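Colleague: Below is the file data39.pdb, with PDB, C-alpha atoms.
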```
ATOM      1  CA  MET Z  18      -2.609  -6.412  14.059
ATOM      2  CA  ASN Z  19      -5.801  -6.562  16.042
ATOM      3  CA  ASP Z  20      -7.219  -3.249  14.854
ATOM      4  CA  PHE Z  21      -9.144  -3.220  11.569
ATOM      5  CA  SER Z  22      -9.396   0.566  11.367
ATOM      6  CA  LEU Z  23      -7.865   2.430   8.443
ATOM      7  CA  ALA Z  24      -5.822   4.877  10.567
ATOM      8  CA  ILE Z  25      -2.222   4.692   9.406
ATOM      9  CA  ALA Z  26       0.983   5.193  11.409
ATOM     10  CA  PRO Z  27       3.924   5.849   9.027
ATOM     11  CA  HIS Z  28       6.511   4.824  11.621
ATOM     12  CA  ARG Z  29       5.071   1.305  11.822
ATOM     13  CA  ILE Z  30       5.072   0.990   8.033
ATOM     14  CA  GLY Z  31       8.655   2.252   7.967
ATOM     15  CA  ALA Z  32       9.684  -0.286  10.597
ATOM     16  CA  MET Z  33       8.267  -3.150   8.520
ATOM     17  CA  ILE Z  34       9.945  -1.887   5.353
ATOM     18  CA  LEU Z  35      13.264  -1.633   7.217
ATOM     19  CA  ARG Z  36      12.836  -5.194   8.469
ATOM     20  CA  TYR Z  37      12.322  -6.556   4.954
ATOM     21  CA  TRP Z  38      15.141  -4.415   3.561
ATOM     22  CA  TYR Z  39      17.643  -5.761   6.112
ATOM     23  CA  LEU Z  40      16.375  -9.268   5.426
ATOM     24  CA  LEU Z  41      16.977  -8.788   1.693
ATOM     25  CA  LEU Z  42      20.468  -7.364   2.174
ATOM     26  CA  SER Z  43      21.449 -10.135   4.573
ATOM     27  CA  SER Z  44      21.325 -12.813   1.870
ATOM     28  CA  TRP Z  45      23.184 -12.532  -1.449
ATOM     29  CA  PRO Z  46      21.201 -15.468  -2.954
ATOM     30  CA  ARG Z  47      18.008 -13.437  -2.453
ATOM     31  CA  LEU Z  48      19.537 -10.496  -4.319
ATOM     32  CA  LEU Z  49      20.922 -12.752  -7.047
ATOM     33  CA  GLU Z  50      17.533 -14.374  -7.604
ATOM     34  CA  LEU Z  51      15.939 -10.974  -8.141
ATOM     35  CA  ILE Z  52      18.351 -10.266 -11.017
ATOM     36  CA  TYR Z  53      18.897 -13.787 -12.394
ATOM     37  CA  TRP Z  54      15.447 -14.607 -13.808
ATOM     38  CA  PRO Z  55      14.736 -11.205 -15.427
ATOM     39  CA  THR Z  56      18.189 -11.316 -17.029
ATOM     40  CA  LEU Z  57      17.579 -14.823 -18.348
ATOM     41  CA  GLN Z  58      14.194 -13.840 -19.743
ATOM     42  CA  ILE Z  59      15.319 -10.701 -21.559
ATOM     43  CA  ILE Z  60      18.280 -12.470 -23.159
ATOM     44  CA  THR Z  61      16.260 -15.518 -24.252
ATOM     45  CA  TRP Z  62      13.269 -13.633 -25.620
ATOM     46  CA  GLY Z  63      15.412 -10.848 -27.014
ATOM     47  CA  PHE Z  64      17.454 -13.189 -29.178
ATOM     48  CA  LEU Z  65      14.227 -14.880 -30.284
ATOM     49  CA  GLN Z  66      12.838 -11.557 -31.462
ATOM     50  CA  THR Z  67      16.118 -10.763 -33.222
ATOM     51  CA  TYR Z  68      15.806 -14.024 -35.130
ATOM     52  CA  ILE Z  69      12.117 -13.516 -35.999
ATOM     53  CA  ALA Z  70      12.695  -9.903 -37.044
ATOM     54  CA  SER Z  71      15.245 -11.057 -39.606
ATOM     55  CA  ASN Z  72      12.666 -13.418 -41.137
ATOM     56  CA  ALA Z  73       9.328 -11.645 -40.824
ATOM     57  CA  GLY Z  74       8.314  -8.226 -42.091
ATOM     58  CA  PHE Z  75       5.739  -7.681 -39.335
ATOM     59  CA  PHE Z  76       8.266  -7.948 -36.526
ATOM     60  CA  ALA Z  77      10.672  -5.757 -38.454
ATOM     61  CA  ARG Z  78       7.906  -3.134 -38.559
ATOM     62  CA  ALA Z  79       6.787  -3.726 -34.975
ATOM     63  CA  GLY Z  80      10.262  -4.107 -33.563
ATOM     64  CA  GLY Z  81      10.382  -4.198 -29.781
ATOM     65  CA  THR Z  82       6.861  -5.503 -29.166
ATOM     66  CA  LEU Z  83       8.117  -8.849 -27.922
ATOM     67  CA  ILE Z  84      10.871  -7.383 -25.748
ATOM     68  CA  GLY Z  85       8.466  -4.731 -24.476
ATOM     69  CA  ALA Z  86       5.934  -7.421 -23.592
ATOM     70  CA  VAL Z  87       8.598  -9.417 -21.741
ATOM     71  CA  ILE Z  88       9.570  -6.393 -19.642
ATOM     72  CA  LEU Z  89       5.971  -5.418 -18.877
ATOM     73  CA  TRP Z  90       5.095  -9.011 -17.975
ATOM     74  CA  ASP Z  91       8.050  -9.120 -15.620
ATOM     75  CA  ILE Z  92       6.816  -5.938 -13.927
ATOM     76  CA  LEU Z  93       3.430  -7.589 -13.406
ATOM     77  CA  PHE Z  94       4.764 -10.950 -12.251
ATOM     78  CA  ARG Z  95       7.685  -9.671 -10.170
ATOM     79  CA  GLY Z  96       5.516  -7.026  -8.552
ATOM     80  CA  GLN Z  97       3.155  -9.713  -7.273
ATOM     81  CA  LEU Z  98       5.976 -12.069  -6.357
ATOM     82  CA  GLY Z  99       7.878  -9.352  -4.480
ATOM     83  CA  PHE Z 100       4.762  -8.609  -2.447
ATOM     84  CA  SER Z 101       3.994 -12.254  -1.739
ATOM     85  CA  ILE Z 102       7.545 -13.333  -0.893
ATOM     86  CA  SER Z 103       7.850 -10.618   1.752
ATOM     87  CA  PHE Z 104       4.615 -11.957   3.234
ATOM     88  CA  LEU Z 105       5.836 -15.549   3.016
ATOM     89  CA  GLU Z 106       8.997 -14.571   4.902
ATOM     90  CA  GLU Z 107       6.748 -14.023   7.919
ATOM     91  CA  MET Z 108       5.122 -17.418   7.424
ATOM     92  CA  TRP Z 109       8.416 -19.264   6.953
ATOM     93  CA  SER Z 110       9.956 -17.656  10.038
ATOM     94  CA  ARG Z 111       6.759 -18.226  12.064
ATOM     95  CA  ASN Z 112       6.736 -14.538  12.919
ATOM     96  CA  LEU Z 113       3.145 -13.882  11.930
ATOM     97  CA  GLY Z 114       1.867 -14.519  15.454
ATOM     98  CA  ASN Z 115       4.169 -11.805  16.773
ATOM     99  CA  LEU Z 116       2.815  -9.336  14.214
ATOM    100  CA  MET Z 117      -0.754 -10.255  15.153
ATOM    101  CA  MET Z 118      -0.058  -9.235  18.749
ATOM    102  CA  SER Z 119       1.622  -5.957  17.813
ATOM    103  CA  PRO Z 120      -0.096  -2.583  17.220
ATOM    104  CA  LEU Z 121       0.508  -3.050  13.481
ATOM    105  CA  LYS Z 122      -2.720  -2.661  11.505
ATOM    106  CA  PRO Z 123      -3.564  -4.762   8.435
ATOM    107  CA  ILE Z 124      -3.490  -1.707   6.157
ATOM    108  CA  GLU Z 125      -0.019  -0.788   7.471
ATOM    109  CA  PHE Z 126       1.212  -4.332   6.932
ATOM    110  CA  LEU Z 127      -0.089  -4.330   3.355
ATOM    111  CA  LEU Z 128       1.391  -0.904   2.594
ATOM    112  CA  ALA Z 129       4.803  -2.081   3.799
ATOM    113  CA  LEU Z 130       4.536  -5.121   1.526
ATOM    114  CA  MET Z 131       3.611  -2.851  -1.395
ATOM    115  CA  VAL Z 132       6.687  -0.682  -0.899
ATOM    116  CA  MET Z 133       8.919  -3.752  -0.666
ATOM    117  CA  SER Z 134       7.447  -5.153  -3.858
ATOM    118  CA  VAL Z 135       8.521  -1.984  -5.710
ATOM    119  CA  ILE Z 136      12.022  -2.162  -4.205
ATOM    120  CA  ARG Z 137      12.444  -5.820  -5.135
ATOM    121  CA  LEU Z 138      11.009  -5.119  -8.579
ATOM    122  CA  ALA Z 139      13.471  -2.292  -9.224
ATOM    123  CA  ILE Z 140      16.434  -4.510  -8.315
ATOM    124  CA  GLY Z 141      15.391  -7.030 -10.962
ATOM    125  CA  VAL Z 142      13.863  -4.946 -13.744
ATOM    126  CA  ILE Z 143      16.315  -2.040 -14.011
ATOM    127  CA  PRO Z 144      19.237  -4.335 -15.012
ATOM    128  CA  MET Z 145      16.803  -6.064 -17.386
ATOM    129  CA  THR Z 146      16.004  -2.813 -19.192
ATOM    130  CA  LEU Z 147      19.699  -1.910 -19.427
ATOM    131  CA  LEU Z 148      20.444  -5.279 -21.023
ATOM    132  CA  ALA Z 149      17.659  -4.652 -23.532
ATOM    133  CA  ILE Z 150      19.452  -1.445 -24.550
ATOM    134  CA  ALA Z 151      22.904  -3.028 -24.668
ATOM    135  CA  PHE Z 152      21.992  -6.245 -26.497
ATOM    136  CA  PHE Z 153      18.945  -5.354 -28.590
ATOM    137  CA  GLN Z 154      18.946  -1.552 -28.921
ATOM    138  CA  PHE Z 155      15.505  -1.408 -27.318
ATOM    139  CA  ASN Z 156      15.235   1.568 -24.976
ATOM    140  CA  PHE Z 157      12.263   0.866 -22.739
ATOM    141  CA  TYR Z 158      12.513   4.345 -21.231
ATOM    142  CA  SER Z 159      12.022   5.950 -24.655
ATOM    143  CA  LEU Z 160       8.319   5.147 -24.306
ATOM    144  CA  GLY Z 161       8.179   8.320 -22.212
ATOM    145  CA  LEU Z 162       5.134   9.308 -20.176
ATOM    146  CA  PRO Z 163       3.019   6.320 -21.321
ATOM    147  CA  LEU Z 164       5.513   4.164 -19.446
ATOM    148  CA  ILE Z 165       4.239   5.659 -16.174
ATOM    149  CA  ALA Z 166       0.677   4.621 -17.029
ATOM    150  CA  PHE Z 167       1.823   1.134 -18.014
ATOM    151  CA  PHE Z 168       3.856   0.698 -14.830
ATOM    152  CA  CYS Z 169       1.199   2.032 -12.448
ATOM    153  CA  ASN Z 170      -1.560  -0.141 -13.855
ATOM    154  CA  LEU Z 171       0.579  -3.269 -13.799
ATOM    155  CA  ILE Z 172       1.860  -2.693 -10.269
ATOM    156  CA  PHE Z 173      -1.695  -2.036  -9.032
ATOM    157  CA  THR Z 174      -2.812  -5.364 -10.515
ATOM    158  CA  SER Z 175       0.172  -7.145  -8.995
ATOM    159  CA  TRP Z 176      -0.684  -5.730  -5.560
ATOM    160  CA  ALA Z 177      -4.317  -6.773  -5.874
ATOM    161  CA  VAL Z 178      -3.324 -10.348  -6.738
ATOM    162  CA  GLY Z 179      -0.620 -10.339  -4.040
ATOM    163  CA  ILE Z 180      -3.047  -9.199  -1.344
ATOM    164  CA  PHE Z 181      -5.587 -11.835  -2.325
ATOM    165  CA  VAL Z 182      -3.164 -14.789  -2.453
ATOM    166  CA  SER Z 183      -1.559 -13.671   0.814
ATOM    167  CA  GLY Z 184      -4.990 -13.812   2.409
ATOM    168  CA  LEU Z 185      -5.501 -17.333   1.070
ATOM    169  CA  VAL Z 186      -2.162 -18.468   2.507
ATOM    170  CA  LEU Z 187      -2.953 -16.723   5.789
ATOM    171  CA  ARG Z 188      -6.238 -18.631   6.044
ATOM    172  CA  ASN Z 189      -5.097 -22.016   4.714
ATOM    173  CA  GLY Z 190      -1.430 -22.115   5.766
ATOM    174  CA  LEU Z 191       1.600 -22.932   3.660
ATOM    175  CA  GLY Z 192      -0.331 -25.765   2.044
ATOM    176  CA  ALA Z 193      -1.731 -23.011  -0.214
ATOM    177  CA  GLU Z 194       1.721 -21.564  -0.978
ATOM    178  CA  SER Z 195       1.702 -22.907  -4.549
ATOM    179  CA  ILE Z 196      -1.021 -20.373  -5.392
ATOM    180  CA  VAL Z 197       1.530 -17.602  -4.854
ATOM    181  CA  TRP Z 198       3.741 -18.969  -7.639
ATOM    182  CA  THR Z 199       1.074 -20.070 -10.122
ATOM    183  CA  LEU Z 200      -1.953 -17.755 -10.048
ATOM    184  CA  MET Z 201      -0.380 -15.024 -12.179
ATOM    185  CA  PHE Z 202       0.568 -17.565 -14.846
ATOM    186  CA  ALA Z 203      -3.092 -18.603 -15.008
ATOM    187  CA  LEU Z 204      -3.912 -15.016 -16.005
ATOM    188  CA  MET Z 205      -1.131 -14.836 -18.596
ATOM    189  CA  PRO Z 206      -3.012 -16.321 -21.606
ATOM    190  CA  LEU Z 207      -6.046 -14.108 -20.960
ATOM    191  CA  ALA Z 208      -3.965 -10.954 -20.446
ATOM    192  CA  CYS Z 209      -2.713 -11.314 -24.041
ATOM    193  CA  VAL Z 210       0.896 -10.597 -23.158
ATOM    194  CA  TYR Z 211       2.466 -11.651 -26.458
ATOM    195  CA  TYR Z 212      -0.482 -11.411 -28.873
ATOM    196  CA  PRO Z 213      -3.502  -9.131 -29.443
ATOM    197  CA  VAL Z 214      -6.920  -9.836 -27.961
ATOM    198  CA  SER Z 215      -8.265 -10.443 -31.476
ATOM    199  CA  VAL Z 216      -6.406 -13.783 -31.513
ATOM    200  CA  LEU Z 217      -8.735 -15.175 -28.823
ATOM    201  CA  PRO Z 218     -12.145 -16.711 -29.568
ATOM    202  CA  GLY Z 219     -14.973 -14.191 -29.365
ATOM    203  CA  TRP Z 220     -16.402 -15.451 -26.070
ATOM    204  CA  LEU Z 221     -12.960 -15.456 -24.480
ATOM    205  CA  GLN Z 222     -12.253 -11.896 -25.582
ATOM    206  CA  SER Z 223     -15.010 -10.685 -23.243
ATOM    207  CA  VAL Z 224     -13.263 -12.428 -20.354
ATOM    208  CA  SER Z 225      -9.907 -10.983 -21.380
ATOM    209  CA  TRP Z 226     -11.257  -7.425 -21.322
ATOM    210  CA  THR Z 227     -12.178  -7.794 -17.643
ATOM    211  CA  LEU Z 228      -8.455  -7.950 -16.747
ATOM    212  CA  PRO Z 229      -6.547  -4.649 -16.330
ATOM    213  CA  PRO Z 230      -3.253  -6.033 -17.779
ATOM    214  CA  THR Z 231      -5.005  -6.707 -21.094
ATOM    215  CA  TYR Z 232      -5.454  -2.962 -21.589
ATOM    216  CA  VAL Z 233      -1.798  -2.323 -20.779
ATOM    217  CA  PHE Z 234      -0.434  -4.843 -23.283
ATOM    218  CA  GLU Z 235      -2.852  -3.670 -25.962
ATOM    219  CA  GLY Z 236      -1.763  -0.112 -25.208
ATOM    220  CA  MET Z 237       1.898  -1.082 -25.471
ATOM    221  CA  ARG Z 238       1.367  -2.634 -28.914
ATOM    222  CA  ALA Z 239      -0.626   0.399 -30.092
ATOM    223  CA  LEU Z 240       2.214   2.664 -28.999
ATOM    224  CA  LEU Z 241       5.040   0.637 -30.576
ATOM    225  CA  ILE Z 242       3.264  -0.353 -33.791
ATOM    226  CA  ASN Z 243       1.006   2.633 -34.510
ATOM    227  CA  GLN Z 244       2.752   5.287 -32.386
ATOM    228  CA  VAL Z 245      -0.582   6.020 -30.676
ATOM    229  CA  PHE Z 246      -0.993   6.290 -26.913
ATOM    230  CA  ARG Z 247      -4.440   4.953 -25.985
ATOM    231  CA  VAL Z 248      -5.454   7.032 -22.978
ATOM    232  CA  ASP Z 249      -8.877   5.366 -22.974
ATOM    233  CA  LEU Z 250      -7.293   1.956 -22.390
ATOM    234  CA  MET Z 251      -5.221   3.244 -19.478
ATOM    235  CA  LEU Z 252      -8.194   4.919 -17.799
ATOM    236  CA  THR Z 253     -10.288   1.758 -18.104
ATOM    237  CA  ALA Z 254      -7.437  -0.288 -16.634
ATOM    238  CA  LEU Z 255      -7.137   2.193 -13.762
ATOM    239  CA  ALA Z 256     -10.851   1.904 -12.957
ATOM    240  CA  LEU Z 257     -10.678  -1.896 -12.993
ATOM    241  CA  ASN Z 258      -7.583  -1.817 -10.782
ATOM    242  CA  ALA Z 259      -9.330   0.407  -8.242
ATOM    243  CA  ALA Z 260     -12.154  -2.128  -8.006
ATOM    244  CA  LEU Z 261      -9.691  -5.038  -7.765
ATOM    245  CA  LEU Z 262      -7.665  -3.399  -4.991
ATOM    246  CA  LEU Z 263     -10.759  -2.679  -2.924
ATOM    247  CA  ALA Z 264     -12.040  -6.226  -3.433
ATOM    248  CA  SER Z 265      -8.677  -7.786  -2.592
ATOM    249  CA  PHE Z 266      -8.306  -5.739   0.588
ATOM    250  CA  ALA Z 267     -11.838  -6.710   1.666
ATOM    251  CA  ALA Z 268     -11.014 -10.356   0.925
ATOM    252  CA  PHE Z 269      -7.772 -10.135   2.940
ATOM    253  CA  ILE Z 270      -9.602  -8.719   5.962
ATOM    254  CA  ALA Z 271     -12.316 -11.380   5.682
ATOM    255  CA  LEU Z 272      -9.718 -14.168   5.406
ATOM    256  CA  LEU Z 273      -7.756 -12.739   8.342
ATOM    257  CA  ARG Z 274     -10.873 -12.741  10.508
ATOM    258  CA  SER Z 275     -11.716 -16.252   9.373
ATOM    259  CA  ALA Z 276      -8.185 -17.414  10.204
ATOM    260  CA  ARG Z 277      -8.521 -15.997  13.721
ATOM    261  CA  ARG Z 278     -11.864 -17.665  14.293
ATOM    262  CA  ALA Z 279     -10.559 -21.015  13.040
ATOM    263  CA  GLY Z 280      -7.297 -20.732  14.968
ATOM    264  CA  ALA Z 281      -5.374 -21.013  11.695
ATOM    265  CA  LEU Z 282      -2.873 -18.354  12.781
ATOM    266  CA  LEU Z 283      -1.511 -20.702  15.421
ATOM    267  CA  SER Z 284      -0.519 -23.188  12.723
ATOM    268  CA  SER Z 285       0.334 -20.700   9.990
ATOM    269  CA  GLY Z 286       3.732 -22.248   9.378
ATOM    270  CA  GLU Z 287       2.281 -25.667   8.512
TER     271      GLU Z 287
END
```
I need this file expressed as C-alpha cells, please.
Modeller:
Amino acid sequence: MNDFSLAIAPHRIGAMILRYWYLLLSSWPRLLELIYWPTLQIITWGFLQTYIASNAGFFARAGGTLIGAVILWDILFRGQLGFSISFLEEMWSRNLGNLMMSPLKPIEFLLALMVMSVIRLAIGVIPMTLLAIAFFQFNFYSLGLPLIAFFCNLIFTSWAVGIFVSGLVLRNGLGAESIVWTLMFALMPLACVYYPVSVLPGWLQSVSWTLPPTYVFEGMRALLINQVFRVDLMLTALALNAALLLASFAAFIALLRSARRAGALLSSGE
C-alpha cells in the first residue's frame, strides 16, 4: 500500500473481500453477533412501540416510525461497524504491515472494506426486517423506492465515519479503538433518530442539519406520517455525504502518511 494513486485494480479488491469473507465464515460467533444485536433491538423497540401505540393517538397515526427509525439507525451504525471491524481484524492479527508492503493501494483497501460492510450489514439487517414483519406487521420494504435513497445516504455516512476512525486507529494504534465503538453514538442525539429536529433547541438545530442522517430520519417520518417523499432532503443529504466521503478519504491518507513518518505502523497492534 505504498502507492497513493487512484488507479484501481479490481482483482486486488476482490482478493481482500475474499479474505474477509472467509474470515467471517470461519467463525460462527462472528456470524451470530451480526444477527444477535439487530434481533434484540427490533424485538425490544418493537414491543415498546406496540405498547405506546395502544396508549397514544399520535403513535397509532404514525405507526411504524419508531420501528422504522430503529432499522434505519441499525443500517447507519452497523454499516460503520462492519467497515471498522474488518479494518480492526488487520490490526488485531498484526497483518497491517504485510498489507503496507503489498501492491494494494489505499483506495483499493477502502473499497474492499466498503463491500464487506454491506455484506455484514445484510447478514444482520435482513433478519431484522423479517422479524419486524412477523412480530409487528411493519413491512420495511413497502417504503418502495424511497428506501433506496434512505439506504444509500446512510451507508455513505457510515463509510465516511468508518474511513475516518480507521485512520485515527491507524495513526494512534489500538489505544484509539474505543472511538470505533463510540463515535456514532455521539452523533445519535444530533441525528434526531427517534424525534424530529424541532425538539432540539434552536442553536442545536443548525448543528443537526449539518449531518446527512438527520435528513434521512426526517424524510422517513415525512413518508410514514404524511405519506410524502421529500426528494429535497435526500438530495441535500447526498451532497453532504459526497463532501464527507472526500474529506474522510483525505484524512485517511494524511493519517496514513503521518503513521509512516512516525513509525506508528510498526507498533499498530499496541
Colleague: List, as a PDB file with C-alpha atoms, in the frame of the given file, every residue that the PyMOL selection byres ((chain Z and resi 97-107) around 7) selects in the file provided.
Modeller:
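Output file expr.pdb follows:
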```pdb
ATOM      1  CA  TYR Z  37      12.322  -6.556   4.954  1.00  0.00           C
ATOM      2  CA  LEU Z  93       3.430  -7.589 -13.406  1.00  0.00           C
ATOM      3  CA  PHE Z  94       4.764 -10.950 -12.251  1.00  0.00           C
ATOM      4  CA  ARG Z  95       7.685  -9.671 -10.170  1.00  0.00           C
ATOM      5  CA  GLY Z  96       5.516  -7.026  -8.552  1.00  0.00           C
ATOM      6  CA  MET Z 108       5.122 -17.418   7.424  1.00  0.00           C
ATOM      7  CA  TRP Z 109       8.416 -19.264   6.953  1.00  0.00           C
ATOM      8  CA  SER Z 110       9.956 -17.656  10.038  1.00  0.00           C
ATOM      9  CA  ARG Z 111       6.759 -18.226  12.064  1.00  0.00           C
ATOM     10  CA  ASN Z 112       6.736 -14.538  12.919  1.00  0.00           C
ATOM     11  CA  LEU Z 113       3.145 -13.882  11.930  1.00  0.00           C
ATOM     12  CA  LEU Z 130       4.536  -5.121   1.526  1.00  0.00           C
ATOM     13  CA  MET Z 131       3.611  -2.851  -1.395  1.00  0.00           C
ATOM     14  CA  MET Z 133       8.919  -3.752  -0.666  1.00  0.00           C
ATOM     15  CA  SER Z 134       7.447  -5.153  -3.858  1.00  0.00           C
ATOM     16  CA  ARG Z 137      12.444  -5.820  -5.135  1.00  0.00           C
ATOM     17  CA  LEU Z 138      11.009  -5.119  -8.579  1.00  0.00           C
ATOM     18  CA  SER Z 175       0.172  -7.145  -8.995  1.00  0.00           C
ATOM     19  CA  TRP Z 176      -0.684  -5.730  -5.560  1.00  0.00           C
ATOM     20  CA  VAL Z 178      -3.324 -10.348  -6.738  1.00  0.00           C
ATOM     21  CA  GLY Z 179      -0.620 -10.339  -4.040  1.00  0.00           C
ATOM     22  CA  SER Z 183      -1.559 -13.671   0.814  1.00  0.00           C
ATOM     23  CA  VAL Z 197       1.530 -17.602  -4.854  1.00  0.00           C
TER      24      VAL Z 197
END
```
Colleague: For the atom pair CA of Pro144 in chain Z and CA of Met201 in chain Z, what is the interatomic distance in Å to one decimal place?
Modeller: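 So the answer is 22.5 Å.
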Colleague: When you look at Pro163 in chain Z with a cut-off of 12 Å (counting all atoms listed in the file), what residues show up, excluding the ones that are within fewer than 2 positions of it in the same chain? I need them as number ranges by chain.
Modeller: Z: 157-161, 165-170, 233-234, 236-241, 244-248, 250-252
Colleague: How many Å lie between CA of Ile34 in chain Z and CA of Ala268 in chain Z, rounded to one decimal?
Modeller: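 Distance reported for this atom pair: 23.0 Å.
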Colleague: Quick one: residues within 9 Å of range 208-225 of chain Z, only C-alpha atoms counted, chain neighbours fewer than 6 positions away excluded, as a ChimeraX atom specification?
Modeller: /Z:82-83,86-87,89-90,231-235,238
Colleague: I'd like to know which of Z:Ile180, Z:Ile242, Z:Val186, Z:Leu51 is closest to Ile92 in chain Z, using all atoms listed in the file.
Modeller: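 Ranked by minimum distance to Ile92 in chain Z, first place goes to Z:Leu51.
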Colleague: Model the absent atoms of range 201-219 of chain Z so that N, CA and C atoms are present, and write the result as an mmCIF file, in the coordinates of the input.
Modeller:
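Result went into part_13.cif, see below:
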```
data_model
loop_
_atom_site.group_PDB
_atom_site.id
_atom_site.type_symbol
_atom_site.label_atom_id
_atom_site.label_comp_id
_atom_site.auth_asym_id
_atom_site.auth_seq_id
_atom_site.Cartn_x
_atom_site.Cartn_y
_atom_site.Cartn_z
ATOM 1 N N MET Z 201 -0.626 -16.020 -11.138
ATOM 2 C CA MET Z 201 -0.380 -15.024 -12.179
ATOM 3 C C MET Z 201 -0.207 -15.679 -13.546
ATOM 4 N N PHE Z 202 0.392 -16.878 -13.573
ATOM 5 C CA PHE Z 202 0.568 -17.565 -14.846
ATOM 6 C C PHE Z 202 -0.778 -18.017 -15.413
ATOM 7 N N ALA Z 203 -1.756 -18.239 -14.532
ATOM 8 C CA ALA Z 203 -3.092 -18.603 -15.008
ATOM 9 C C ALA Z 203 -3.745 -17.432 -15.739
ATOM 10 N N LEU Z 204 -3.369 -16.204 -15.351
ATOM 11 C CA LEU Z 204 -3.912 -15.016 -16.005
ATOM 12 C C LEU Z 204 -3.183 -14.681 -17.300
ATOM 13 N N MET Z 205 -1.991 -15.219 -17.478
ATOM 14 C CA MET Z 205 -1.131 -14.836 -18.596
ATOM 15 C C MET Z 205 -1.784 -15.020 -19.973
ATOM 16 N N PRO Z 206 -2.411 -16.172 -20.271
ATOM 17 C CA PRO Z 206 -3.012 -16.321 -21.606
ATOM 18 C C PRO Z 206 -4.146 -15.330 -21.856
ATOM 19 N N LEU Z 207 -4.915 -15.014 -20.808
ATOM 20 C CA LEU Z 207 -6.046 -14.108 -20.960
ATOM 21 C C LEU Z 207 -5.621 -12.643 -21.007
ATOM 22 N N ALA Z 208 -4.453 -12.333 -20.437
ATOM 23 C CA ALA Z 208 -3.965 -10.954 -20.446
ATOM 24 C C ALA Z 208 -3.357 -10.575 -21.787
ATOM 25 N N CYS Z 209 -3.211 -11.565 -22.679
ATOM 26 C CA CYS Z 209 -2.713 -11.314 -24.041
ATOM 27 C C CYS Z 209 -1.365 -10.600 -24.020
ATOM 28 N N VAL Z 210 -0.421 -11.203 -23.332
ATOM 29 C CA VAL Z 210 0.896 -10.597 -23.158
ATOM 30 C C VAL Z 210 1.647 -10.503 -24.477
ATOM 31 N N TYR Z 211 1.637 -11.578 -25.252
ATOM 32 C CA TYR Z 211 2.466 -11.651 -26.458
ATOM 33 C C TYR Z 211 1.664 -11.585 -27.750
ATOM 34 N N TYR Z 212 0.358 -11.435 -27.665
ATOM 35 C CA TYR Z 212 -0.482 -11.411 -28.873
ATOM 36 C C TYR Z 212 -1.699 -10.537 -28.599
ATOM 37 N N PRO Z 213 -2.333 -9.997 -29.643
ATOM 38 C CA PRO Z 213 -3.502 -9.131 -29.443
ATOM 39 C C PRO Z 213 -4.729 -9.911 -29.015
ATOM 40 N N VAL Z 214 -5.679 -9.209 -28.433
ATOM 41 C CA VAL Z 214 -6.920 -9.836 -27.961
ATOM 42 C C VAL Z 214 -7.681 -10.479 -29.113
ATOM 43 N N SER Z 215 -7.537 -9.933 -30.313
ATOM 44 C CA SER Z 215 -8.265 -10.443 -31.476
ATOM 45 C C SER Z 215 -7.914 -11.890 -31.795
ATOM 46 N N VAL Z 216 -6.805 -12.394 -31.280
ATOM 47 C CA VAL Z 216 -6.406 -13.783 -31.513
ATOM 48 C C VAL Z 216 -7.343 -14.748 -30.772
ATOM 49 N N LEU Z 217 -7.890 -14.312 -29.651
ATOM 50 C CA LEU Z 217 -8.735 -15.175 -28.823
ATOM 51 C C LEU Z 217 -10.099 -15.407 -29.471
ATOM 52 N N PRO Z 218 -10.751 -16.519 -29.135
ATOM 53 C CA PRO Z 218 -12.145 -16.711 -29.568
ATOM 54 C C PRO Z 218 -13.026 -15.592 -29.025
ATOM 55 N N GLY Z 219 -14.119 -15.316 -29.723
ATOM 56 C CA GLY Z 219 -14.973 -14.191 -29.365
ATOM 57 C C GLY Z 219 -15.440 -14.212 -27.923
#
```
